[in-house]
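Structure data follow from structure27.txt (compact mmCIF, C-alpha atoms):
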# COMPACT_ATOMS: atom_id res chain seq x y z
CA MET A 1 46.57 -19.69 -25.52
CA CYS A 2 46.24 -21.93 -28.47
CA LEU A 3 43.16 -24.08 -28.46
CA ALA A 4 43.25 -27.48 -30.12
CA ILE A 5 40.47 -27.05 -32.65
CA PRO A 6 39.91 -30.14 -34.83
CA ALA A 7 39.33 -29.69 -38.55
CA GLU A 8 38.29 -32.29 -41.11
CA VAL A 9 40.49 -32.80 -44.15
CA VAL A 10 38.36 -32.55 -47.29
CA ALA A 11 41.02 -32.54 -49.99
CA ILE A 12 44.77 -32.98 -50.41
CA THR A 13 46.99 -31.70 -53.22
CA ASP A 14 48.84 -34.24 -55.42
CA ASP A 15 52.18 -33.41 -53.82
CA LYS A 16 50.63 -34.07 -50.36
CA GLN A 17 52.00 -30.77 -49.07
CA THR A 18 48.72 -28.90 -48.67
CA ALA A 19 45.28 -29.87 -47.45
CA THR A 20 41.94 -28.15 -47.61
CA VAL A 21 40.22 -28.46 -44.25
CA SER A 22 36.75 -27.64 -43.07
CA LEU A 23 36.53 -25.86 -39.74
CA GLU A 24 32.96 -25.31 -38.61
CA GLY A 25 31.95 -25.16 -42.28
CA VAL A 26 34.69 -22.68 -43.23
CA ARG A 27 37.28 -24.04 -45.68
CA LYS A 28 40.92 -23.12 -45.57
CA ASP A 29 44.22 -24.42 -46.87
CA ILE A 30 46.85 -25.63 -44.44
CA SER A 31 50.36 -27.05 -44.74
CA LEU A 32 50.95 -30.80 -44.29
CA ALA A 33 54.73 -30.31 -44.03
CA LEU A 34 54.80 -31.58 -40.45
CA LEU A 35 52.60 -34.66 -40.86
CA THR A 36 52.67 -37.80 -42.96
CA ASP A 37 49.87 -40.21 -43.86
CA VAL A 38 47.00 -37.74 -43.87
CA GLU A 39 43.98 -38.68 -46.00
CA PRO A 40 40.71 -36.93 -46.82
CA GLY A 41 38.25 -37.66 -44.01
CA ASP A 42 40.94 -37.52 -41.30
CA PHE A 43 40.71 -35.00 -38.49
CA VAL A 44 43.74 -32.87 -37.69
CA LEU A 45 44.57 -30.23 -35.10
CA ILE A 46 45.83 -27.07 -36.74
CA HIS A 47 48.01 -24.22 -35.56
CA VAL A 48 49.01 -21.11 -37.54
CA GLY A 49 48.48 -22.80 -40.88
CA TYR A 50 50.07 -26.18 -40.10
CA ALA A 51 48.44 -29.51 -39.35
CA LEU A 52 50.04 -30.62 -36.06
CA ASN A 53 48.40 -33.92 -35.12
CA LYS A 54 46.03 -36.43 -36.57
CA ILE A 55 43.24 -37.42 -34.19
CA SER A 56 40.47 -40.03 -34.37
CA PRO A 57 36.93 -39.00 -35.40
CA ASP A 58 35.76 -39.91 -31.87
CA GLU A 59 38.38 -37.71 -30.26
CA ALA A 60 37.50 -34.91 -32.69
CA ALA A 61 33.80 -35.22 -31.81
CA ARG A 62 34.56 -35.10 -28.06
CA THR A 63 36.81 -32.06 -28.48
CA LEU A 64 34.28 -30.27 -30.67
CA ALA A 65 31.59 -30.89 -28.03
CA LEU A 66 33.92 -29.40 -25.43
CA MET A 67 34.53 -26.41 -27.72
CA ALA A 68 30.77 -25.89 -28.07
CA GLU A 69 30.49 -25.90 -24.28
CA LEU A 70 33.35 -23.42 -24.06
CA GLU A 71 31.62 -21.17 -26.56
CA GLU A 72 28.51 -21.25 -24.39
CA VAL A 73 30.28 -20.31 -21.13
CA SER A 74 32.31 -17.62 -22.91
CA SER A 75 29.36 -15.85 -24.52
CA MET B 1 32.30 -20.09 -33.55
CA ILE B 2 35.15 -20.59 -31.12
CA ALA B 3 37.63 -17.77 -31.44
CA GLU B 4 41.26 -18.83 -31.64
CA GLY B 5 43.59 -16.36 -30.02
CA ARG B 6 45.20 -13.88 -32.38
CA ILE B 7 47.55 -10.93 -32.03
CA VAL B 8 47.50 -8.05 -34.51
CA ILE B 9 50.41 -5.62 -34.48
CA ASP B 10 50.09 -2.31 -36.30
CA LEU B 11 53.31 -0.46 -37.10
CA SER B 12 52.56 3.14 -37.95
CA ARG B 13 54.80 5.40 -40.06
CA ASN B 14 55.77 7.54 -37.09
CA GLY B 15 57.13 4.53 -35.19
CA ASP B 16 54.14 3.88 -32.94
CA VAL B 17 53.26 0.26 -32.30
CA ARG B 18 49.78 -0.86 -31.39
CA LEU B 19 49.09 -4.40 -30.27
CA THR B 20 45.60 -5.82 -30.26
CA SER B 21 45.14 -9.21 -28.67
CA ASN B 22 42.11 -11.39 -29.15
CA ARG B 23 42.70 -14.14 -26.67
CA GLY B 24 39.91 -16.36 -27.79
CA ALA B 25 37.76 -18.30 -25.40
CA ASP B 26 38.55 -18.41 -21.67
CA VAL B 27 39.21 -22.06 -20.90
CA ALA B 28 39.42 -21.44 -17.15
CA ARG B 29 35.67 -20.75 -17.11
CA LEU B 30 35.03 -24.22 -18.49
CA LEU B 31 36.73 -25.74 -15.45
CA VAL B 32 34.76 -23.91 -12.75
CA GLY B 33 32.19 -26.16 -11.09
CA ARG B 34 33.95 -29.37 -12.11
CA ASP B 35 35.60 -32.08 -10.11
CA PRO B 36 39.40 -31.45 -10.15
CA ARG B 37 40.06 -34.88 -11.70
CA GLU B 38 37.67 -34.10 -14.51
CA ALA B 39 39.53 -30.85 -15.15
CA LEU B 40 42.78 -32.82 -15.48
CA ASP B 41 41.12 -35.06 -18.09
CA LEU B 42 39.78 -32.13 -20.11
CA LEU B 43 42.89 -29.97 -20.34
CA PRO B 44 44.96 -32.08 -22.76
CA ARG B 45 42.09 -32.06 -25.22
CA LEU B 46 41.77 -28.28 -25.17
CA PHE B 47 45.31 -27.19 -25.96
CA SER B 48 47.21 -28.22 -29.06
CA LEU B 49 50.63 -26.85 -28.15
CA CYS B 50 51.19 -27.05 -24.42
CA GLY B 51 48.54 -29.52 -23.24
CA HIS B 52 50.97 -31.38 -20.97
CA ALA B 53 52.23 -28.15 -19.41
CA HIS B 54 48.62 -27.19 -18.62
CA VAL B 55 48.00 -30.60 -17.05
CA ALA B 56 51.17 -30.39 -14.98
CA ALA B 57 50.31 -26.89 -13.72
CA ALA B 58 46.73 -27.94 -12.98
CA ARG B 59 47.82 -31.09 -11.14
CA VAL B 60 49.98 -29.12 -8.72
CA ALA B 61 47.18 -26.59 -8.25
CA VAL B 62 44.23 -28.95 -7.73
CA GLN B 63 45.45 -32.40 -6.70
CA GLU B 64 46.39 -32.75 -3.04
CA ASP B 65 48.29 -36.01 -3.17
CA VAL B 66 50.51 -35.85 -6.26
CA THR B 67 52.54 -39.07 -6.30
CA GLU B 68 56.22 -39.16 -7.20
CA ALA B 69 55.35 -41.17 -10.31
CA GLU B 70 52.81 -38.56 -11.44
CA ALA B 71 55.25 -35.71 -10.83
CA HIS B 72 57.97 -37.56 -12.74
CA ALA B 73 55.61 -38.31 -15.65
CA ASP B 74 54.52 -34.66 -15.82
CA THR B 75 58.16 -33.52 -15.83
CA SER B 76 59.10 -35.93 -18.65
CA ARG B 77 56.12 -35.00 -20.81
CA VAL B 78 56.58 -31.26 -20.29
CA LEU B 79 60.27 -31.47 -21.23
CA ALA B 80 59.42 -33.41 -24.41
CA GLU B 81 56.72 -30.87 -25.22
CA THR B 82 59.10 -27.95 -24.66
CA ALA B 83 61.68 -29.52 -27.00
CA ARG B 84 58.98 -30.09 -29.63
CA GLU B 85 57.79 -26.48 -29.38
CA HIS B 86 61.32 -25.08 -29.75
CA LEU B 87 61.93 -27.37 -32.73
CA LEU B 88 58.61 -26.48 -34.33
CA ARG B 89 59.50 -22.81 -34.13
CA ILE B 90 62.84 -23.58 -35.80
CA LEU B 91 61.26 -25.85 -38.44
CA THR B 92 58.53 -23.43 -39.41
CA GLY B 93 60.01 -20.03 -38.63
CA TRP B 94 63.78 -20.09 -39.26
CA ARG B 95 63.73 -19.55 -43.02
CA VAL B 96 67.06 -19.39 -44.81
CA GLU B 97 67.16 -17.59 -48.14
CA GLY B 98 68.33 -19.72 -51.05
CA ALA B 99 69.25 -22.82 -49.02
CA GLY B 100 67.27 -26.02 -48.87
CA PHE B 101 67.58 -27.34 -45.33
CA GLU B 102 65.04 -30.05 -44.77
CA LEU B 103 64.62 -31.02 -41.15
CA PRO B 104 62.74 -34.31 -40.86
CA SER B 105 59.56 -33.55 -38.94
CA PRO B 106 58.39 -37.05 -37.82
CA PRO B 107 60.97 -37.34 -34.98
CA VAL B 108 59.84 -33.91 -33.74
CA MET B 109 56.13 -34.54 -34.05
CA GLY B 110 56.50 -37.98 -32.41
CA LEU B 111 58.64 -36.78 -29.50
CA VAL B 112 55.87 -36.26 -26.96
CA LYS B 113 54.11 -39.55 -27.84
CA ASN B 114 57.39 -41.43 -27.58
CA MET B 115 58.06 -39.93 -24.17
CA GLN B 116 54.50 -40.67 -23.10
CA ALA B 117 55.07 -44.34 -24.02
CA ALA B 118 58.45 -44.43 -22.27
CA VAL B 119 57.43 -42.79 -18.99
CA GLY B 120 58.09 -45.05 -16.00
CA ASP B 121 60.76 -47.14 -17.74
CA PRO B 122 64.12 -45.45 -17.09
CA ALA B 123 65.89 -47.29 -19.93
CA GLU B 124 63.25 -46.21 -22.46
CA GLU B 125 63.22 -42.66 -21.14
CA ARG B 126 67.01 -42.54 -21.62
CA GLN B 127 66.47 -43.80 -25.16
CA VAL B 128 64.05 -40.92 -25.94
CA SER B 129 66.55 -38.47 -24.49
CA ALA B 130 69.38 -40.01 -26.57
CA LEU B 131 67.31 -39.86 -29.76
CA LEU B 132 66.54 -36.20 -29.11
CA ALA B 133 70.23 -35.47 -28.45
CA GLY B 134 71.12 -37.24 -31.72
CA TYR B 135 68.53 -35.27 -33.69
CA LEU B 136 69.77 -31.99 -32.23
CA GLU B 137 73.38 -32.89 -33.04
CA THR B 138 72.62 -33.83 -36.66
CA HIS B 139 70.06 -31.21 -37.58
CA VAL B 140 70.43 -28.24 -35.23
CA PHE B 141 73.84 -27.84 -33.61
CA GLY B 142 76.24 -29.86 -35.77
CA ILE B 143 77.88 -30.84 -32.45
CA SER B 144 76.35 -32.57 -29.44
CA PRO B 145 73.97 -30.40 -27.40
CA ALA B 146 76.26 -30.95 -24.41
CA ALA B 147 79.22 -29.58 -26.41
CA PHE B 148 77.11 -26.60 -27.53
CA LEU B 149 76.35 -25.80 -23.89
CA LYS B 150 80.08 -25.79 -23.14
CA LEU B 151 80.80 -22.89 -25.52
CA ARG B 152 82.17 -20.30 -23.13
CA ASP B 153 82.56 -17.03 -24.99
CA LEU B 154 81.93 -15.18 -28.24
CA ALA B 155 85.14 -16.49 -29.85
CA GLU B 156 84.04 -20.09 -29.32
CA PHE B 157 80.50 -19.21 -30.39
CA THR B 158 81.78 -17.61 -33.63
CA ASN B 159 83.94 -20.67 -34.33
CA TRP B 160 80.89 -22.86 -33.89
CA LEU B 161 78.85 -20.61 -36.18
CA ASP B 162 81.51 -20.85 -38.90
CA GLY B 163 81.63 -24.65 -38.77
CA GLY B 164 79.70 -26.98 -41.12
CA PRO B 165 76.20 -25.75 -41.87
CA THR B 166 72.97 -26.68 -40.16
CA LEU B 167 69.65 -24.85 -40.47
CA ALA B 168 70.17 -23.16 -37.09
CA LYS B 169 73.68 -21.94 -37.94
CA ALA B 170 72.62 -20.80 -41.42
CA TYR B 171 69.73 -18.83 -39.91
CA LEU B 172 71.96 -17.16 -37.33
CA CYS B 173 74.52 -16.36 -40.07
CA GLN B 174 71.72 -14.74 -42.07
CA ILE B 175 70.88 -12.56 -39.05
CA VAL B 176 74.57 -11.54 -38.91
CA ALA B 177 74.61 -10.83 -42.68
CA HIS B 178 71.60 -8.54 -42.24
CA GLY B 179 73.33 -6.81 -39.32
CA TRP B 180 70.32 -7.72 -37.22
CA GLN B 181 72.06 -9.11 -34.13
CA GLY B 182 70.84 -6.21 -32.02
CA LEU B 183 67.49 -5.85 -33.77
CA GLY B 184 64.78 -4.84 -31.32
CA ALA B 185 67.17 -4.62 -28.38
CA VAL B 186 65.35 -3.34 -25.31
CA SER B 187 66.10 -2.86 -21.65
CA THR B 188 64.00 -5.74 -20.52
CA GLN B 189 63.08 -6.80 -17.01
CA PHE B 190 62.98 -10.52 -16.44
CA LEU B 191 60.14 -11.88 -14.36
CA PRO B 192 61.67 -12.91 -11.01
CA ALA B 193 60.89 -16.22 -9.30
CA LEU B 194 57.69 -15.35 -7.46
CA SER B 195 56.59 -17.46 -4.50
CA GLY B 196 53.39 -19.49 -4.54
CA ALA B 197 51.80 -17.07 -2.08
CA GLN B 198 52.79 -14.03 -4.20
CA LEU B 199 51.34 -15.66 -7.31
CA GLN B 200 48.12 -16.61 -5.54
CA ALA B 201 47.63 -13.01 -4.43
CA LEU B 202 48.34 -11.68 -7.95
CA MET B 203 46.12 -14.21 -9.69
CA ALA B 204 43.22 -13.19 -7.43
CA GLU B 205 43.41 -9.60 -8.71
CA PRO B 206 40.82 -8.80 -11.37
CA SER B 207 42.25 -8.74 -14.91
CA PHE B 208 45.76 -9.78 -13.78
CA THR B 209 45.66 -12.76 -16.15
CA LEU B 210 44.78 -10.47 -19.08
CA ARG B 211 47.34 -7.77 -18.37
CA PRO B 212 49.88 -9.05 -15.88
CA GLU B 213 52.24 -6.64 -14.14
CA TRP B 214 54.68 -6.98 -11.27
CA HIS B 215 55.46 -3.79 -9.34
CA GLY B 216 53.43 -1.91 -11.95
CA GLN B 217 55.54 -3.13 -14.88
CA PRO B 218 55.18 -5.86 -17.48
CA HIS B 219 58.05 -8.35 -17.27
CA GLU B 220 59.59 -10.81 -19.68
CA THR B 221 59.41 -14.57 -19.31
CA GLY B 222 60.80 -17.31 -21.55
CA PRO B 223 64.12 -18.66 -22.82
CA LEU B 224 66.03 -15.35 -22.62
CA ALA B 225 64.89 -14.81 -19.02
CA ARG B 226 65.85 -18.40 -18.13
CA GLN B 227 69.19 -18.55 -19.95
CA SER B 228 70.53 -15.00 -19.59
CA ARG B 229 73.38 -16.31 -17.39
CA HIS B 230 74.72 -18.81 -19.90
CA PRO B 231 78.17 -17.39 -20.83
CA VAL B 232 77.42 -17.04 -24.57
CA VAL B 233 73.97 -15.51 -23.99
CA ALA B 234 75.43 -13.17 -21.35
CA ALA B 235 78.17 -12.09 -23.79
CA LEU B 236 75.62 -11.51 -26.58
CA LEU B 237 73.46 -9.48 -24.18
CA GLU B 238 76.52 -7.40 -23.31
CA LEU B 239 77.47 -6.84 -26.96
CA HIS B 240 74.10 -6.55 -28.75
CA GLY B 241 71.61 -6.10 -25.92
CA ALA B 242 68.37 -8.04 -25.53
CA GLY B 243 67.79 -8.16 -29.28
CA LEU B 244 67.26 -10.78 -31.93
CA MET B 245 70.55 -12.72 -31.65
CA SER B 246 70.43 -12.97 -27.83
CA ARG B 247 66.87 -14.28 -28.07
CA LEU B 248 67.61 -16.88 -30.74
CA VAL B 249 70.71 -18.20 -28.99
CA ALA B 250 68.87 -18.31 -25.64
CA ARG B 251 66.29 -20.56 -27.31
CA LEU B 252 69.07 -22.82 -28.57
CA VAL B 253 70.60 -23.01 -25.08
CA ASP B 254 67.18 -23.82 -23.62
CA LEU B 255 66.72 -26.58 -26.21
CA ALA B 256 70.24 -27.99 -25.75
CA LYS B 257 69.62 -28.49 -22.02
CA ILE B 258 66.55 -30.67 -22.47
CA PRO B 259 68.12 -34.10 -23.20
CA THR B 260 70.11 -33.84 -19.94
CA GLN B 261 67.10 -32.54 -17.98
CA MET B 262 65.18 -35.59 -19.20
CA THR B 263 67.67 -37.90 -17.52
CA THR B 264 68.38 -35.89 -14.37
CA GLY B 265 64.71 -35.18 -13.72
CA GLU B 266 65.40 -31.46 -13.20
CA SER B 267 61.81 -30.29 -13.25
CA PRO B 268 60.21 -27.24 -14.89
CA VAL B 269 57.14 -27.82 -12.67
CA ARG B 270 56.66 -26.31 -9.22
CA GLY B 271 54.07 -24.67 -7.00
CA GLN B 272 51.94 -25.54 -4.02
CA PRO B 273 48.32 -26.54 -3.48
CA GLY B 274 46.24 -23.83 -5.15
CA VAL B 275 48.91 -22.67 -7.60
CA GLY B 276 50.88 -24.60 -10.22
CA VAL B 277 53.77 -23.13 -12.20
CA VAL B 278 55.45 -24.60 -15.27
CA GLU B 279 58.32 -23.20 -17.32
CA THR B 280 57.27 -23.88 -20.92
CA ALA B 281 58.98 -23.16 -24.23
CA ARG B 282 57.36 -19.71 -24.28
CA GLY B 283 57.82 -18.91 -20.62
CA ARG B 284 56.07 -19.31 -17.31
CA LEU B 285 52.57 -20.76 -17.26
CA VAL B 286 50.53 -20.38 -14.05
CA HIS B 287 47.32 -22.06 -12.97
CA ALA B 288 45.53 -20.95 -9.80
CA ALA B 289 42.56 -22.78 -8.33
CA ARG B 290 40.26 -22.56 -5.33
CA GLN B 291 38.20 -25.57 -4.31
CA GLU B 292 35.13 -26.00 -2.13
CA HIS B 293 33.62 -29.36 -1.25
CA GLY B 294 35.58 -31.16 -3.95
CA GLN B 295 34.59 -28.74 -6.70
CA LEU B 296 36.56 -26.02 -8.45
CA LYS B 297 35.05 -22.73 -7.33
CA ASP B 298 37.49 -20.44 -9.01
CA TYR B 299 40.08 -21.00 -11.73
CA GLN B 300 42.60 -18.76 -13.44
CA ILE B 301 45.17 -19.46 -16.13
CA LEU B 302 48.00 -17.07 -16.96
CA ALA B 303 49.80 -17.86 -20.23
CA PRO B 304 53.36 -16.56 -20.76
CA THR B 305 52.22 -14.77 -23.93
CA GLU B 306 50.27 -12.32 -21.71
CA TRP B 307 53.54 -11.09 -20.16
CA ASN B 308 55.55 -10.93 -23.37
CA PHE B 309 52.76 -9.48 -25.53
CA HIS B 310 51.42 -7.09 -22.88
CA PRO B 311 50.43 -3.78 -24.58
CA GLU B 312 53.57 -2.21 -23.05
CA GLY B 313 55.59 -5.39 -22.83
CA VAL B 314 58.82 -6.57 -24.38
CA ALA B 315 57.41 -7.34 -27.85
CA VAL B 316 55.87 -3.88 -28.26
CA GLN B 317 59.02 -2.17 -26.95
CA ALA B 318 61.22 -4.22 -29.28
CA LEU B 319 59.04 -3.41 -32.30
CA ALA B 320 59.00 0.30 -31.44
CA GLY B 321 62.77 0.24 -31.92
CA LEU B 322 62.43 -0.80 -35.58
CA HIS B 323 61.26 2.61 -36.76
CA ALA B 324 64.25 3.37 -38.97
CA VAL B 325 65.20 -0.19 -39.92
CA THR B 326 65.26 -1.22 -43.58
CA GLY B 327 63.03 -4.24 -44.06
CA ARG B 328 60.95 -3.25 -41.06
CA ALA B 329 58.11 -5.73 -41.71
CA GLU B 330 60.54 -8.66 -42.14
CA GLY B 331 62.45 -7.59 -39.05
CA ALA B 332 59.20 -7.37 -37.08
CA GLN B 333 58.24 -10.86 -38.24
CA ALA B 334 61.61 -12.29 -37.16
CA LEU B 335 61.44 -10.54 -33.77
CA ILE B 336 57.91 -11.67 -32.99
CA GLU B 337 58.80 -15.23 -33.92
CA ALA B 338 61.84 -14.99 -31.65
CA ILE B 339 59.69 -13.81 -28.73
CA ASP B 340 57.25 -16.54 -29.80
CA PRO B 341 53.58 -15.94 -29.02
CA CYS B 342 51.44 -19.04 -28.51
CA VAL B 343 48.78 -17.74 -30.88
CA ALA B 344 48.73 -16.68 -34.52
CA PHE B 345 49.88 -13.13 -35.25
CA GLU B 346 49.69 -10.60 -38.05
CA VAL B 347 51.97 -7.62 -38.65
CA ARG B 348 50.50 -4.63 -40.49
CA ALA B 349 53.08 -2.02 -41.49
CA ALA B 350 51.85 1.37 -42.68

Just give me the structure of the file as structure tokens.
Amino acid sequence: MCLAIPAEVVAITDDKQTATVSLEGVRKDISLALLTDVEPGDFVLIHVGYALNKISPDEAARTLALMAELEEVSS
Amino acid sequence: MIAEGRIVIDLSRNGDVRLTSNRGADVARLLVGRDPREALDLLPRLFSLCGHAHVAAARVAVQEDVTEAEAHADTSRVLAETAREHLLRILTGWRVEGAGFELPSPPVMGLVKNMQAAVGDPAEERQVSALLAGYLETHVFGISPAAFLKLRDLAEFTNWLDGGPTLAKAYLCQIVAHGWQGLGAVSTQFLPALSGAQLQALMAEPSFTLRPEWHGQPHETGPLARQSRHPVVAALLELHGAGLMSRLVARLVDLAKIPTQMTTGESPVRGQPGVGVVETARGRLVHAARQEHGQLKDYQILAPTEWNFHPEGVAVQALAGLHAVTGRAEGAQALIEAIDPCVAFEVRAA
């Protein structure tokens, strides 16, 4: 099942097609083909290399806290 | 670090297929010990693809007094989510060589939010359904989804395919040009409609949710299982078997039905207290719960991907049939996307 893991956008290419995101400190490039109006500093949910949704920093923080809890019960 | 689910498929030279599935973290464990209402609040934040389907399944399983309004809202959101998932698979996976089809993504990405805002107002819900039907007509079918559903046989289907181009038609034509209509055809067994009591008994078995079997066999769930009786899908199954073309067209049929389902309220959600079942874009999702003194004592989630990507399931069988196919890695990619796992996957061909 695909978990909704939030990632912070740290950089965007000039053509606005690709973003570099930081996911728990690990950077990776993802496609912005499915989203508009994404800026550095935004949080997005990613799935198989695509940004799917933009979410608020508060929502991202709550989800990340939930993920940390999930990590704890799963280990 | 939270592990996202991931499937790795190794294709060896001698035709063997080995599937390794890392499912990631077990969300059901996070729900145990919680108040059922709290579980319903948490679920949409945990899943990026099928959050509403998870909520709908959980509501049936854990909430005793589901109101008509709640059931209707769940149905509407799940249908919008299913349409979005089908369209996302088409937008990101149906690649056509040398042709620049650009499907606008904002109407797809906004579909679930628009439905969420419309729920409870019949006129607005009809508007969301009409907008979806219009998008499908312009960008996917080239005719109205209702007209697509009325195609009755292979002659009418071929006529449709030859008509003015859309991304979906161009992709299907590409499959025909490759001679891949029967790619990965298998003798598949569709998962039958199991009763709530049958599901509860199965879900209580250890490791059922990791490696589900019915009568000792993995079964297939998803668009092909749901739409195998549509005349065009049935004719394709007869001619090419349960291979690539039958799967792709079954997804289109599933998608074409959604605007009407949105207005008739035909629901993909069912179940009984203790077990909730939702037909999602990728197949049947099941939640099973046991409560004691207002707390969840036990919780299990069975995702459709576990049936379809079972180590001996339909995906592995289909891929085993690609041994002698030219362009085996590309064919494997197309087949896996057609069966549609809900997690990332990687194909490694020796």

What are the closest atom pairs, with distances in Å to one decimal, for all residues of chain B lying within 8 Å of chain A? Consider all atoms listed in the file, order rows by chain and residue number, and present the result as a Markdown table.
| residue | atom | partner | partner_atom | distance |
| --- | --- | --- | --- | --- |
| B:Met1 | CA | A:Glu71 | CA | 7.1 |
| B:Ile2 | CA | A:Glu71 | CA | 5.8 |
| B:Glu4 | CA | A:Leu3 | CA | 6.4 |
| B:Gly5 | CA | A:Met1 | CA | 6.3 |
| B:Arg23 | CA | A:Met1 | CA | 6.9 |
| B:Gly24 | CA | A:Met1 | CA | 7.8 |
| B:Ala25 | CA | A:Ser74 | CA | 6.0 |
| B:Asp26 | CA | A:Ser74 | CA | 6.4 |
| B:Val27 | CA | A:Leu70 | CA | 6.8 |
| B:Arg29 | CA | A:Val73 | CA | 6.7 |
| B:Leu30 | CA | A:Leu70 | CA | 5.9 |
| B:Arg45 | CA | A:Thr63 | CA | 6.2 |
| B:Leu46 | CA | A:Ala4 | CA | 5.2 |
| B:Phe47 | CA | A:Leu3 | CA | 4.5 |
| B:Ser48 | CA | A:Ala4 | CA | 4.2 |
| B:Leu49 | CA | A:Cys2 | CA | 6.6 |
| B:Ser105 | CA | A:Leu34 | CA | 5.4 |
| B:Pro106 | CA | A:Leu35 | CA | 7.0 |
| B:Met109 | CA | A:Leu34 | CA | 7.2 |
| B:Ala303 | CA | A:Met1 | CA | 6.5 |
| B:Thr305 | CA | A:Met1 | CA | 7.7 |
| B:Cys342 | CA | A:Met1 | CA | 5.8 |
| B:Val343 | CA | A:Cys2 | CA | 5.5 |
| B:Ala344 | CA | A:Val48 | CA | 5.4 |

When distances are computed from all atoms listed in the file, which of A:Asp37, A:Leu32, A:Ala7, A:Asp58 shows the smallest separation from Ala19 (chain A)?
-> A:Leu32

Hey, can you check how far CA of Glu205 (chain B) sits from CA of Arg284 (chain B)?
->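 It comes out at 18.1 Å.
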
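Atom pair CA of Gly41 (chain A) / CA of Gly110 (chain B) has a distance of 21.6 Å (rounded to one decimal).
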
Quick one: axis-aligned box around all listed atoms of region 44-52 of chain A, 8 Å on every side, centre and edge lengths in Å to one decimal, written as lines of an AutoDock Vina configuration file.
center_x = 46.9
center_y = -27.0
center_z = -38.0
size_x = 22.3
size_y = 27.8
size_z = 21.8

Which distance in Å separates CA of Ser129 (chain B) and CA of Lys150 (chain B), to one decimal?
-> 18.6 Å

Surrounding residues of Gln261 (chain B) excluding itself and chain neighbours under 6 positions, 12 Å, all atoms listed in the file, as JSON, numbers by chain | {"B": [72, 75, 76, 77, 78, 79, 80, 82, 83, 125, 126, 128, 129, 130, 132, 133, 145, 146, 254, 255, 267, 268]}

Using all atoms listed in the file, find all polymer residues with an atom at most 7 Å away from the point (43.0, -40.9, -35.7); report them as a PyMOL selection string.
-> chain A and resi 42-43+54-57

Here's a test: counting only C-alpha atoms, identify every protein, DNA and RNA residue with an atom at most 7 Å from (74.5, -8.8, -28.7) in the file's coordinate frame, and state them as a PDB file with C-alpha atoms, keeping the file's coordinate frame.
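In the end it all went to selection_33.pdb:
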ATOM      1  CA  GLN B 181      72.060  -9.110 -34.130  1.00  0.00           C
ATOM      2  CA  GLY B 182      70.840  -6.210 -32.020  1.00  0.00           C
ATOM      3  CA  ALA B 235      78.170 -12.090 -23.790  1.00  0.00           C
ATOM      4  CA  LEU B 236      75.620 -11.510 -26.580  1.00  0.00           C
ATOM      5  CA  LEU B 237      73.460  -9.480 -24.180  1.00  0.00           C
ATOM      6  CA  GLU B 238      76.520  -7.400 -23.310  1.00  0.00           C
ATOM      7  CA  LEU B 239      77.470  -6.840 -26.960  1.00  0.00           C
ATOM      8  CA  HIS B 240      74.100  -6.550 -28.750  1.00  0.00           C
ATOM      9  CA  GLY B 241      71.610  -6.100 -25.920  1.00  0.00           C
ATOM     10  CA  ALA B 242      68.370  -8.040 -25.530  1.00  0.00           C
ATOM     11  CA  GLY B 243      67.790  -8.160 -29.280  1.00  0.00           C
ATOM     12  CA  MET B 245      70.550 -12.720 -31.650  1.00  0.00           C
ATOM     13  CA  SER B 246      70.430 -12.970 -27.830  1.00  0.00           C
TER      14      SER B 246
END

Rank B:Ala170, B:Leu136, B:Val277, B:Ala320 by their smallest atom-to-atom distance to Ala58 (chain B), using all atoms listed in the file, and report the top residue only.
-> B:Val277

Looking at B:Val275, B:Val17, B:Val60, B:Leu183, which one is nearest to Leu202 (chain B), with distances taken over all atoms listed in the file?
->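 Looking only at the distances to Leu202 (chain B), the closest residue turns out to be B:Val275.
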
Identify, on the basis of only C-alpha atoms, every residue whose closest approach to Asp153 (chain B) does not exceed 10 Å; exclude the query and any residue fewer than 2 positions from it along the same chain; express the result as a VMD selection string.
-> chain B and resid 150 to 151 155 to 158 230 to 236

Near-Glu137 (chain B) list (10 Å; only C-alpha atoms; drop same-chain fewer than 5 positions) as an NGL selection string = :B and (131-132 or 142-148 or 166 or 256)

Include C-alpha atoms and write out the residues we just selected as a PDB file, in the frame of the given file.
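Contents of the output file result13.pdb:
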ATOM      1  CA  LEU B 131      67.310 -39.860 -29.760  1.00  0.00           C
ATOM      2  CA  LEU B 132      66.540 -36.200 -29.110  1.00  0.00           C
ATOM      3  CA  GLY B 142      76.240 -29.860 -35.770  1.00  0.00           C
ATOM      4  CA  ILE B 143      77.880 -30.840 -32.450  1.00  0.00           C
ATOM      5  CA  SER B 144      76.350 -32.570 -29.440  1.00  0.00           C
ATOM      6  CA  PRO B 145      73.970 -30.400 -27.400  1.00  0.00           C
ATOM      7  CA  ALA B 146      76.260 -30.950 -24.410  1.00  0.00           C
ATOM      8  CA  ALA B 147      79.220 -29.580 -26.410  1.00  0.00           C
ATOM      9  CA  PHE B 148      77.110 -26.600 -27.530  1.00  0.00           C
ATOM     10  CA  THR B 166      72.970 -26.680 -40.160  1.00  0.00           C
ATOM     11  CA  ALA B 256      70.240 -27.990 -25.750  1.00  0.00           C
TER      12      ALA B 256
END

Counting all atoms listed in the file, which residues of region 257-345 of chain B fall within 12 Å of region 113-124 of chain B, and what is the closest atom pair for each with its distance in Å at one decimal, ordered by chain and rising number, as JSON lines?
{"residue": "B:Pro259", "atom": "CA", "partner": "B:Met115", "partner_atom": "CA", "distance": 11.7}
{"residue": "B:Met262", "atom": "CA", "partner": "B:Met115", "partner_atom": "CA", "distance": 9.7}
{"residue": "B:Thr263", "atom": "CA", "partner": "B:Pro122", "partner_atom": "CA", "distance": 8.4}
{"residue": "B:Thr264", "atom": "CA", "partner": "B:Pro122", "partner_atom": "CA", "distance": 10.8}
{"residue": "B:Gly265", "atom": "CA", "partner": "B:Pro122", "partner_atom": "CA", "distance": 10.8}
